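Structure record follows, encoded as structure tokens.
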Amino acid sequence: MAKNTNNLSLASHGLKYKLKISFYLMSILPLLVCGYLVSNYILPRFGLSIDIALSLLISVIIAFFGFFVIKEVFDRVLSVTSEARLIAAGDYSRKLEIEGTVDEVGDLGESLNLLTQQIRSNMDELKGYGEKTTQINIEIQKRVMVLSSLLQISSVISQNTKLEDSLKLIVEKSRLLANSESAYLLFREEERGSFYMKEADGSDSADLMKIVISPKEALSRAFNLNKPVTIDSENTLEKETERTFFEKFRLKNSLALPVYLKGKIVAVLGVGNSQPQFKYKKEEMELLDIFAKQIAIAIENDTLLRRVEKLEIKDALTGLYNDIFIRSRLQEEIKRAIIYQRPCSFVLFDVDNFKSYQEDFGLLQAESELKKIASLMKNSVTEIDRVARVGDDEFALLLPEKNKRQALDMAESIRKKIEYSSNEETDPRKKVTVSAGISENPLDGVEAKELIAKAEELLKLAKANGKNRVSAF
């Protein structure tokens, strides 16, 4: 019996069957109306009025049932359409209620639910991939930033920048590692073995610059062990060492690596923070080691540059002797003059208003003028005299065997030649003049630094008295 009931139920049939039934039911109504008209106007004489009334009632019931079936079909189609529209808009939490329906609409609803479930699963999976991608991007950005920092540091070192500037840049870039609040660089004194702060960056950098670690302290011994010093949630030092570190650095976590030069520890580079439950990674230690090697390169490069500077005796722009040579040679000539009781003079020249000249006419024109002045000076001295460029716009004459009066005559001659060389210039700003100060051994001193200091004093006097003059007394 149950089987027959299910066969009679419309819910167990498809849309095609339901629409067919609806069409049949809806077509009965016009037929019954036609029958009514015939029976009402044509056959009233046969006494069929009760039958007519019954036929009308049955027609209405059948028509109502047909409309109900059609409404059910379209309501379910509209319900699926509405839910599908919401899902297409991005609301993947929707679910169609399709219990007890086995027609095409039910199949469509079930397929749509499966599709929505699959989309939700894919969205969750994509979300997981998105989080992983974000983390990977963060790591890539860190690596790019470190690589950029290394390239910047290498560029600075290759340009023979001052050691202090190179070290400051390296310490600043090191602080970017491992969420560091501070970065520091300790230099080791070779004689005493103590460490003193050379550079610091980040929070409390002013206090960090005051740090000095004596050889007797436990922290000094830890830095001299030729291995990294790590303090974090999983790595600790001896209580005394850790206590000393916290008192001096005020950092809860720290990673410090020795800087080697020719097999010896010359410095210690470190970073630190005060974050709870913090752990340094192997990658961070490797990156800090690269920065430590950059420091070693910078120190070695500075040492080599100093050696080269001592070996060089000529100025690259003018071809004259440089400041290092003239100071050394002046000291030798003073010693010789003292032994043989002979005079020795020193003249210091300075180009008047050279800074303004360079700003007005540019670097190339200024360098050309310096070369011209150098040539005039070189051609105005004897073979035993020495001419040097000792500053951007300063020149010096070393005059053995000449006293102050003779040196004054030579300096005045050079001053006039330089002044005359620019007389044809119509622009007053292009007229170049020089001022000079003269000192003599032993009248003004018996050491090179004393003669240089006296010449500088007299040069300032010449400048104060109106420039374009020589001051000797």
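Residue numbering restarts at 1 for every chain of the structure tokens, chains are lettered A, B, ... in their displayed order, and ligands are numbered from 1 as they appear.
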Sort by chain and increasing residue number a table of all residues of region 276-371 of chain A within 12 Å of region 467-473 of chain A, each with its closest pair of atoms and their distance in Å to one decimal, counting only C-alpha atoms, and write it as JSON lines.
```
{"residue": "A:Ser345", "atom": "CA", "partner": "A:Ala472", "partner_atom": "CA", "distance": 10.5}
{"residue": "A:Phe346", "atom": "CA", "partner": "A:Ala472", "partner_atom": "CA", "distance": 10.3}
{"residue": "A:Val347", "atom": "CA", "partner": "A:Ala472", "partner_atom": "CA", "distance": 9.0}
{"residue": "A:Leu348", "atom": "CA", "partner": "A:Val470", "partner_atom": "CA", "distance": 9.5}
{"residue": "A:Phe349", "atom": "CA", "partner": "A:Val470", "partner_atom": "CA", "distance": 8.7}
{"residue": "A:Asp350", "atom": "CA", "partner": "A:Asn468", "partner_atom": "CA", "distance": 9.5}
{"residue": "A:Val351", "atom": "CA", "partner": "A:Asn468", "partner_atom": "CA", "distance": 8.7}
{"residue": "A:Asp352", "atom": "CA", "partner": "A:Lys467", "partner_atom": "CA", "distance": 6.7}
{"residue": "A:Asn353", "atom": "CA", "partner": "A:Lys467", "partner_atom": "CA", "distance": 9.3}
```
Review point. What is the CA of Ala206 (chain A) to CA of Arg250 (chain A) distance in Å?
Key: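 Separation of CA of Ala206 (chain A) and CA of Arg250 (chain A): 12.6 Å.
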Practice item. Please return as a PyMOL selection string: the residues of region 365-417 of chain A that backbone DSSP assigns to strand (DSSP E). Key: chain A and resi 386-389+394-400
Using only C-alpha atoms, what does the table of region 214-333 of chain A residues within 12 Å of region 436-450 of chain A look like, with each row giving the shortest atom pair and its distance in Å to one decimal, sorted by chain and ascending number, as CSV?
```
residue,atom,partner,partner_atom,distance
A:Ile324,CA,A:Ala448,CA,11.8
A:Phe325,CA,A:Ala448,CA,11.9
A:Ile326,CA,A:Ala448,CA,9.6
A:Arg327,CA,A:Ala448,CA,6.6
A:Ser328,CA,A:Ala448,CA,8.1
A:Arg329,CA,A:Ala448,CA,8.9
A:Leu330,CA,A:Ala448,CA,5.9
A:Gln331,CA,A:Ala448,CA,5.0
A:Glu332,CA,A:Ala448,CA,8.7
A:Glu333,CA,A:Ala448,CA,9.1
```
Give me a file of those residues, with C-alpha atoms, as a tab-separated table (two decimals), in the first residue's frame.
```
chain	number	residue	atom	x	y	z
A	324	ILE	CA	101.81	64.41	5.46
A	325	PHE	CA	104.99	64.79	3.41
A	326	ILE	CA	105.52	68.50	4.10
A	327	ARG	CA	105.12	68.07	7.86
A	328	SER	CA	107.63	65.23	7.92
A	329	ARG	CA	110.06	67.07	5.65
A	330	LEU	CA	109.73	70.28	7.69
A	331	GLN	CA	110.74	68.44	10.83
A	332	GLU	CA	113.82	67.03	9.07
A	333	GLU	CA	114.83	70.44	7.69
```
Point to revise | Contacts of region 235-241 of chain A at 9 Å (only C-alpha atoms; same-chain gap of 5+ positions) as a VMD selection string | key: chain A and resid 217 to 222 229 to 230 246 279
Those same residues, written as a PDB file, in the first residue's frame with C-alpha atoms?
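Dumped everything to part.pdb:
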```pdb
ATOM      1  CA  GLU A 217      84.546  41.026  34.593  1.00  0.00           C
ATOM      2  CA  ALA A 218      82.813  37.746  33.800  1.00  0.00           C
ATOM      3  CA  LEU A 219      81.144  39.311  30.772  1.00  0.00           C
ATOM      4  CA  SER A 220      84.562  40.115  29.297  1.00  0.00           C
ATOM      5  CA  ARG A 221      85.559  36.469  29.617  1.00  0.00           C
ATOM      6  CA  ALA A 222      82.337  35.457  27.823  1.00  0.00           C
ATOM      7  CA  VAL A 229      76.972  34.934  23.305  1.00  0.00           C
ATOM      8  CA  THR A 230      73.227  34.171  23.318  1.00  0.00           C
ATOM      9  CA  PHE A 246      71.650  43.097  32.524  1.00  0.00           C
ATOM     10  CA  LYS A 279      64.134  32.825  20.990  1.00  0.00           C
TER      11      LYS A 279
END
```
For Ala84 (chain A), list every protein, DNA or RNA residue within 8 Å, evaluated using only C-alpha atoms, and leave out those in the same chain fewer than 4 positions away; present the list as a compact mmCIF listing (two decimals) with N, CA and C atoms, in the first residue's frame.
```txt
# COMPACT_ATOMS: atom_id res chain seq x y z
N VAL A 80 15.04 28.30 -5.07
CA VAL A 80 16.39 27.90 -5.49
C VAL A 80 17.11 29.07 -6.15
N ALA A 88 25.93 33.31 -5.05
CA ALA A 88 26.77 33.94 -6.06
C ALA A 88 27.32 35.28 -5.56
N LEU A 112 23.60 22.25 -5.71
CA LEU A 112 24.03 23.59 -5.29
C LEU A 112 24.61 23.55 -3.88
```
Review point. In Å, with one decimal, what is the gap from CA of Pro428 (chain A) to CA of Lys355 (chain A)?
Key: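 Taking CA of Pro428 (chain A) as the start and CA of Lys355 (chain A) as the end point, the length is 15.0 Å.
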Point to revise | Atomic separation - CA of Lys463 (chain A) relative to CA of Glu424 (chain A), Å | key: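 Spanning CA of Glu424 (chain A) to CA of Lys463 (chain A) is a straight-line distance of 23.9 Å.
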Practice item. Determine which residues of region 156-372 of chain A receive a DSSP assignment of alpha helix (DSSP H), computed from the backbone, and state them as a PyMOL selection string. Key: chain A and resi 156-158+163-174+205-208+218-223+239-249+282-311+323-340+354-372
Check your understanding: Which of these, A:Ser154, A:Ser380, A:Ser435, A:Asn226, has the shortest distance to Glu394 (chain A) once you count only C-alpha atoms?
Key -> A:Ser435
Review point. Leaving out Glu172 (chain A) and any residue of its chain fewer than 2 positions from it, which residues lie within 12 Å of it when counting only C-alpha atoms, given as number ranges by chain?
Key: A: 146, 149-150, 152-153, 165-170, 174-177, 180-185, 199-203, 205, 269-271, 291
Using C-alpha atoms, can you write the selected residues to a file as a PDB file, in the first residue's frame?
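To be explicit, this is the file written out as again.pdb:
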```pdb
ATOM      1  CA  VAL A 146      69.024  42.595   4.643  1.00  0.00           C
ATOM      2  CA  SER A 149      71.537  46.746   3.674  1.00  0.00           C
ATOM      3  CA  LEU A 150      74.547  44.615   2.774  1.00  0.00           C
ATOM      4  CA  GLN A 152      74.569  49.667   0.914  1.00  0.00           C
ATOM      5  CA  ILE A 153      77.273  48.797   3.440  1.00  0.00           C
ATOM      6  CA  ASP A 165      80.464  56.391   9.337  1.00  0.00           C
ATOM      7  CA  SER A 166      80.760  52.808   8.077  1.00  0.00           C
ATOM      8  CA  LEU A 167      80.491  51.355  11.577  1.00  0.00           C
ATOM      9  CA  LYS A 168      77.514  53.554  12.392  1.00  0.00           C
ATOM     10  CA  LEU A 169      75.682  52.352   9.272  1.00  0.00           C
ATOM     11  CA  ILE A 170      76.425  48.681  10.016  1.00  0.00           C
ATOM     12  CA  SER A 174      72.029  45.256  12.446  1.00  0.00           C
ATOM     13  CA  ARG A 175      69.247  46.606  14.656  1.00  0.00           C
ATOM     14  CA  LEU A 176      66.734  45.571  11.988  1.00  0.00           C
ATOM     15  CA  LEU A 177      67.369  41.914  12.825  1.00  0.00           C
ATOM     16  CA  SER A 180      65.862  44.255  18.060  1.00  0.00           C
ATOM     17  CA  GLU A 181      65.376  47.321  20.214  1.00  0.00           C
ATOM     18  CA  SER A 182      69.102  48.061  20.391  1.00  0.00           C
ATOM     19  CA  ALA A 183      72.303  47.261  18.531  1.00  0.00           C
ATOM     20  CA  TYR A 184      75.816  47.829  19.835  1.00  0.00           C
ATOM     21  CA  LEU A 185      79.458  47.502  18.815  1.00  0.00           C
ATOM     22  CA  GLU A 199      78.789  52.590  18.387  1.00  0.00           C
ATOM     23  CA  ALA A 200      75.211  52.079  19.623  1.00  0.00           C
ATOM     24  CA  ASP A 201      71.805  52.483  18.007  1.00  0.00           C
ATOM     25  CA  GLY A 202      68.222  52.258  19.229  1.00  0.00           C
ATOM     26  CA  SER A 203      66.649  52.808  22.610  1.00  0.00           C
ATOM     27  CA  SER A 205      71.856  54.364  22.937  1.00  0.00           C
ATOM     28  CA  LEU A 269      78.670  43.118  17.497  1.00  0.00           C
ATOM     29  CA  GLY A 270      75.397  42.551  19.304  1.00  0.00           C
ATOM     30  CA  VAL A 271      71.640  43.116  19.153  1.00  0.00           C
ATOM     31  CA  PHE A 291      77.349  42.044   9.479  1.00  0.00           C
TER      32      PHE A 291
END
```
Point to revise | Within 7 Å of region 283-290 of chain A using only C-alpha atoms, minus same-chain residues under 3 positions, as a list in words | key: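 Surrounding residues, per the criterion: Ser174, Leu177, Ala178, Leu257, Tyr280, Lys293 and Gln294 of chain A.
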